[in-house]
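Here is the file query_39.cif (mmCIF, C-alpha atoms).
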```
data_final
loop_
_atom_site.label_atom_id
_atom_site.label_comp_id
_atom_site.auth_asym_id
_atom_site.auth_seq_id
_atom_site.Cartn_x
_atom_site.Cartn_y
_atom_site.Cartn_z
CA MET A 423 -57.14 28.14 -158.28
CA TYR A 424 -55.03 25.30 -156.97
CA GLY A 425 -57.76 22.90 -158.04
CA LEU A 426 -56.98 23.60 -161.69
CA THR A 427 -53.37 22.56 -161.45
CA ASN A 428 -52.42 19.39 -163.24
CA TYR A 429 -54.09 16.46 -161.48
CA ARG A 430 -52.26 13.67 -163.25
CA ASN A 431 -50.27 13.35 -166.40
CA ASN A 432 -51.03 10.00 -168.02
CA GLU A 433 -48.29 10.16 -170.65
CA ASN A 434 -45.59 8.54 -168.50
CA SER A 435 -47.43 5.43 -167.38
CA ILE A 436 -44.68 3.07 -168.59
CA PHE A 437 -41.37 2.97 -166.72
CA ASP A 438 -38.52 4.01 -169.02
CA PRO A 439 -35.16 3.74 -167.22
CA PHE A 440 -33.28 5.85 -169.74
CA LYS A 441 -35.87 8.62 -169.61
CA ASP A 442 -36.44 8.41 -165.85
CA PHE A 443 -32.77 8.40 -164.85
CA PHE A 444 -31.09 10.31 -167.67
CA GLY A 445 -33.94 12.42 -169.04
CA GLY A 446 -32.87 15.50 -167.09
CA LEU A 447 -29.48 15.47 -168.80
CA PHE A 448 -30.83 15.34 -172.34
CA SER A 449 -34.19 17.13 -172.28
CA ASP A 450 -36.12 19.87 -170.53
CA ASP A 451 -38.63 19.26 -167.74
CA MET A 452 -41.54 18.64 -170.11
CA SER A 453 -41.85 15.39 -172.01
CA GLU A 454 -41.80 15.58 -175.79
CA ASN A 455 -45.42 14.35 -175.75
CA SER A 456 -46.72 16.83 -173.20
CA CYS A 457 -48.69 19.96 -173.95
CA ARG A 458 -47.64 23.22 -172.42
CA THR A 459 -50.56 24.75 -170.56
CA ASP A 460 -51.17 28.20 -169.08
CA ILE A 461 -53.94 28.80 -166.53
CA ARG A 462 -55.18 32.31 -165.72
CA ASP A 463 -57.56 33.28 -162.93
CA GLU A 464 -59.77 36.15 -164.13
CA GLY A 465 -61.87 36.44 -160.99
CA ASP A 466 -65.16 34.89 -162.12
CA ARG A 467 -63.56 32.36 -164.47
CA TYR A 468 -60.40 30.47 -165.37
CA ILE A 469 -58.84 30.57 -168.83
CA ILE A 470 -56.78 27.52 -169.86
CA GLU A 471 -54.59 27.69 -172.95
CA SER A 472 -52.95 24.44 -174.09
CA GLU A 473 -50.50 24.31 -176.98
CA LEU A 474 -51.34 21.43 -179.33
CA PRO A 475 -49.32 22.06 -182.50
CA GLY A 476 -49.80 19.51 -185.27
CA PHE A 477 -53.16 18.27 -184.01
CA ASN A 478 -56.41 18.72 -185.88
CA LYS A 479 -59.56 19.79 -184.05
CA GLU A 480 -60.97 16.27 -184.59
CA ASP A 481 -57.95 14.76 -182.77
CA ILE A 482 -58.77 16.52 -179.47
CA SER A 483 -61.12 15.26 -176.73
CA VAL A 484 -62.20 17.04 -173.57
CA ASP A 485 -64.01 14.76 -171.11
CA ILE A 486 -65.59 15.79 -167.81
CA SER A 487 -66.30 13.19 -165.15
CA ASP A 488 -66.47 13.10 -161.34
CA GLY A 489 -65.09 16.63 -160.87
CA TYR A 490 -62.16 16.21 -163.28
CA MET A 491 -61.61 17.48 -166.79
CA THR A 492 -59.33 15.38 -169.01
CA VAL A 493 -57.84 16.87 -172.16
CA SER A 494 -56.41 14.32 -174.57
CA ALA A 495 -55.24 14.33 -178.16
CA GLU A 496 -54.01 11.65 -180.51
CA HIS A 497 -52.90 11.63 -184.13
CA SER A 498 -50.80 9.63 -186.55
CA THR A 499 -49.32 10.32 -189.95
CA GLU A 500 -47.84 8.11 -192.59
CA ASN A 501 -45.79 9.10 -195.64
CA GLU A 502 -44.82 6.74 -198.43
CA ASP A 503 -42.58 7.39 -201.41
CA LYS A 504 -42.22 4.55 -203.90
CA ASP A 505 -40.26 4.28 -207.09
CA ASP A 506 -41.90 3.24 -210.38
CA LYS A 507 -41.52 -0.44 -209.43
CA GLY A 508 -43.40 0.02 -206.14
CA ASN A 509 -40.29 -0.30 -203.95
CA TYR A 510 -40.01 1.97 -200.98
CA ILE A 511 -37.56 4.83 -201.26
CA ARG A 512 -38.79 6.34 -198.01
CA ARG A 513 -41.52 5.36 -195.58
CA GLU A 514 -42.07 7.35 -192.40
CA ARG A 515 -44.67 7.06 -189.67
CA SER A 516 -45.25 9.22 -186.64
CA TYR A 517 -47.62 9.00 -183.72
CA GLY A 518 -48.37 11.50 -181.01
CA SER A 519 -50.66 11.47 -178.02
CA PHE A 520 -51.04 12.92 -174.56
CA SER A 521 -53.55 13.18 -171.77
CA ARG A 522 -53.81 15.57 -168.82
CA SER A 523 -56.45 15.84 -166.12
CA PHE A 524 -57.45 18.82 -163.99
CA ASP A 525 -59.50 19.07 -160.80
CA ILE A 526 -62.47 21.32 -161.65
CA SER A 527 -64.45 20.97 -158.43
CA ASP A 528 -64.87 24.77 -158.15
CA VAL A 529 -65.94 25.20 -161.80
CA ASP A 530 -69.43 25.34 -163.31
CA ALA A 531 -68.86 22.30 -165.56
CA ASP A 532 -72.14 22.82 -167.48
CA HIS A 533 -70.88 26.11 -168.92
CA ILE A 534 -67.31 25.28 -169.95
CA SER A 535 -66.53 26.33 -173.52
CA ALA A 536 -63.58 25.50 -175.76
CA GLU A 537 -62.12 26.73 -179.03
CA TYR A 538 -59.16 25.41 -181.01
CA LYS A 539 -57.33 27.85 -183.25
CA ASN A 540 -53.77 28.01 -184.63
CA GLY A 541 -52.55 25.07 -182.54
CA VAL A 542 -53.88 26.42 -179.23
CA LEU A 543 -56.85 25.01 -177.33
CA GLU A 544 -58.48 27.76 -175.27
CA MET A 545 -61.01 26.75 -172.64
CA ILE A 546 -63.13 29.10 -170.55
CA LEU A 547 -64.15 27.65 -167.20
CA PRO A 548 -66.63 29.78 -165.24
CA LYS A 549 -66.32 29.44 -161.48
CA THR A 550 -69.25 28.22 -159.45
CA GLN A 551 -71.25 31.02 -157.93
CA THR A 552 -71.00 31.07 -154.18
CA THR A 553 -73.98 32.54 -152.43
CA LYS A 554 -73.30 35.04 -149.69
CA PRO A 555 -75.15 34.34 -146.49
CA GLU A 556 -77.95 36.76 -145.80
CA THR A 557 -77.20 39.21 -143.03
CA ARG A 558 -79.97 40.30 -140.70
CA ARG A 559 -80.50 41.41 -137.15
CA LEU A 560 -82.87 39.69 -134.80
CA THR A 561 -84.98 41.68 -132.39
CA VAL A 562 -84.50 40.47 -128.87
CA GLY A 563 -87.88 40.31 -127.16
#
```

Do you think you could lay out the structure here as structure tokens?
Amino acid sequence: MYGLTNYRNNENSIFDPFKDFFGGLFSDDMSENSCRTDIRDEGDRYIIESELPGFNKEDISVDISDGYMTVSAEHSTENEDKDDKGNYIRRERSYGSFSRSFDISDVDADHISAEYKNGVLEMILPKTQTTKPETRRLTVG
């Protein structure tokens, strides 16, 4: 189970002195660009639920490489309001992205499934099947 905890969070790769030193005074522990994620252990599988409000299904990527699963999403929007002369009255742009990686070394990566519905990405990660050693008794001759 500990393998599924967040491996690295790539969203804070640039040093921001205001955020790094004063962020705790003005915001909660999670960055505004992070995705809140719940991980449940259901015995034979893990269930990961990541909140991704505002993203479309096409904005989300899940990549698996070298025993790590990386979930990333990126989107941008642009609104323009012009008057009848073509001058801007309002012009707004927004951009959002994040990336998180998880160690999935104890997961059967070939059978991971994912579904995105109502702003929540749900992934089912079946655990690898461990074989129990055969038990037998030898006859001493």

**Item:** From A:Glu496, A:Glu544, A:Asp485, A:Glu480, residue lying nearest Tyr468 of chain A [all atoms listed in the file]
**Value:**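 Among A:Glu496, A:Glu544, A:Asp485, A:Glu480, it is A:Glu544 that comes nearest to Tyr468 of chain A.
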
List the neighbours of Asp530 of chain A out to 9 Å using all atoms listed in the file; skip same-chain residues closer than 5 positions along the sequence, and give me the result as a CSV table (one decimal) with C-alpha atoms, keeping the file's coordinate frame.
```
chain,number,residue,atom,x,y,z
A,547,LEU,CA,-64.2,27.6,-167.2
A,548,PRO,CA,-66.6,29.8,-165.2
A,549,LYS,CA,-66.3,29.4,-161.5
A,550,THR,CA,-69.2,28.2,-159.4
A,551,GLN,CA,-71.2,31.0,-157.9
```

Once the PyMOL selection byres ((chain A and resi 494) around 6) is applied to the coordinates I shared, what remains selected? I want it as an mmCIF file with C-alpha atoms, keeping the file's coordinate frame.
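New file out.cif:
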```
data_model
loop_
_atom_site.group_PDB
_atom_site.id
_atom_site.type_symbol
_atom_site.label_atom_id
_atom_site.label_comp_id
_atom_site.auth_asym_id
_atom_site.auth_seq_id
_atom_site.Cartn_x
_atom_site.Cartn_y
_atom_site.Cartn_z
ATOM 1 C CA ILE A 482 -58.770 16.520 -179.470
ATOM 2 C CA SER A 483 -61.120 15.260 -176.730
ATOM 3 C CA VAL A 493 -57.840 16.870 -172.160
ATOM 4 C CA ALA A 495 -55.240 14.330 -178.160
ATOM 5 C CA PHE A 520 -51.040 12.920 -174.560
ATOM 6 C CA SER A 521 -53.550 13.180 -171.770
#
```

**Asked** For the file shown, what are the residues hit by the PyMOL selection byres ((chain A and resi 490) around 10), laid out as a ChimeraX atom specification?
**Response** /A:425-426,429,485-489,491-493,523-527,529,531

**Message:** What's around segment 499-506 of chain A at 12 Å? Count only C-alpha atoms, leave out sequence neighbours fewer than 4 positions away in its own chain, and write the answer as a PyMOL selection string.
**Reply:** chain A and resi 476-478+510-518

**Request:** Just say which residues the PyMOL selection byres ((chain A and resi 475) around 8) picks in this file, as a PyMOL selection string.
**Result:** chain A and resi 473-474+476-477+540-542

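The list of residues with at least one atom within 9 Å of Arg462 of chain A, based on all atoms listed in the file and without residues fewer than 5 positions apart in the same chain, reads Met423, Arg467, Tyr468, Ile469, Ile470 and Glu471 of chain A.
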
Could you save the residues just selected, with C-alpha atoms, as an mmCIF file, in the frame of the given file?
```cif
data_model
loop_
_atom_site.group_PDB
_atom_site.id
_atom_site.type_symbol
_atom_site.label_atom_id
_atom_site.label_comp_id
_atom_site.auth_asym_id
_atom_site.auth_seq_id
_atom_site.Cartn_x
_atom_site.Cartn_y
_atom_site.Cartn_z
ATOM 1 C CA MET A 423 -57.140 28.140 -158.280
ATOM 2 C CA ARG A 467 -63.560 32.360 -164.470
ATOM 3 C CA TYR A 468 -60.400 30.470 -165.370
ATOM 4 C CA ILE A 469 -58.840 30.570 -168.830
ATOM 5 C CA ILE A 470 -56.780 27.520 -169.860
ATOM 6 C CA GLU A 471 -54.590 27.690 -172.950
#
```

**Request:** Calculate how many Å separate atom CA of Asp481 of chain A from atom CA of Ser519 of chain A, rounding to one decimal.
**Result:**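 Here the two named atoms are 9.3 Å from each other.
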
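What separates atom CA of Arg522 of chain A from atom CA of Glu464 of chain A is a distance of 21.9 Å.
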
**Asked** Expressed in Å to a single decimal, how great is the separation between atom CA of Lys479 of chain A and atom CA of Thr459 of chain A?
**Response**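 These two atoms are separated by 17.0 Å.
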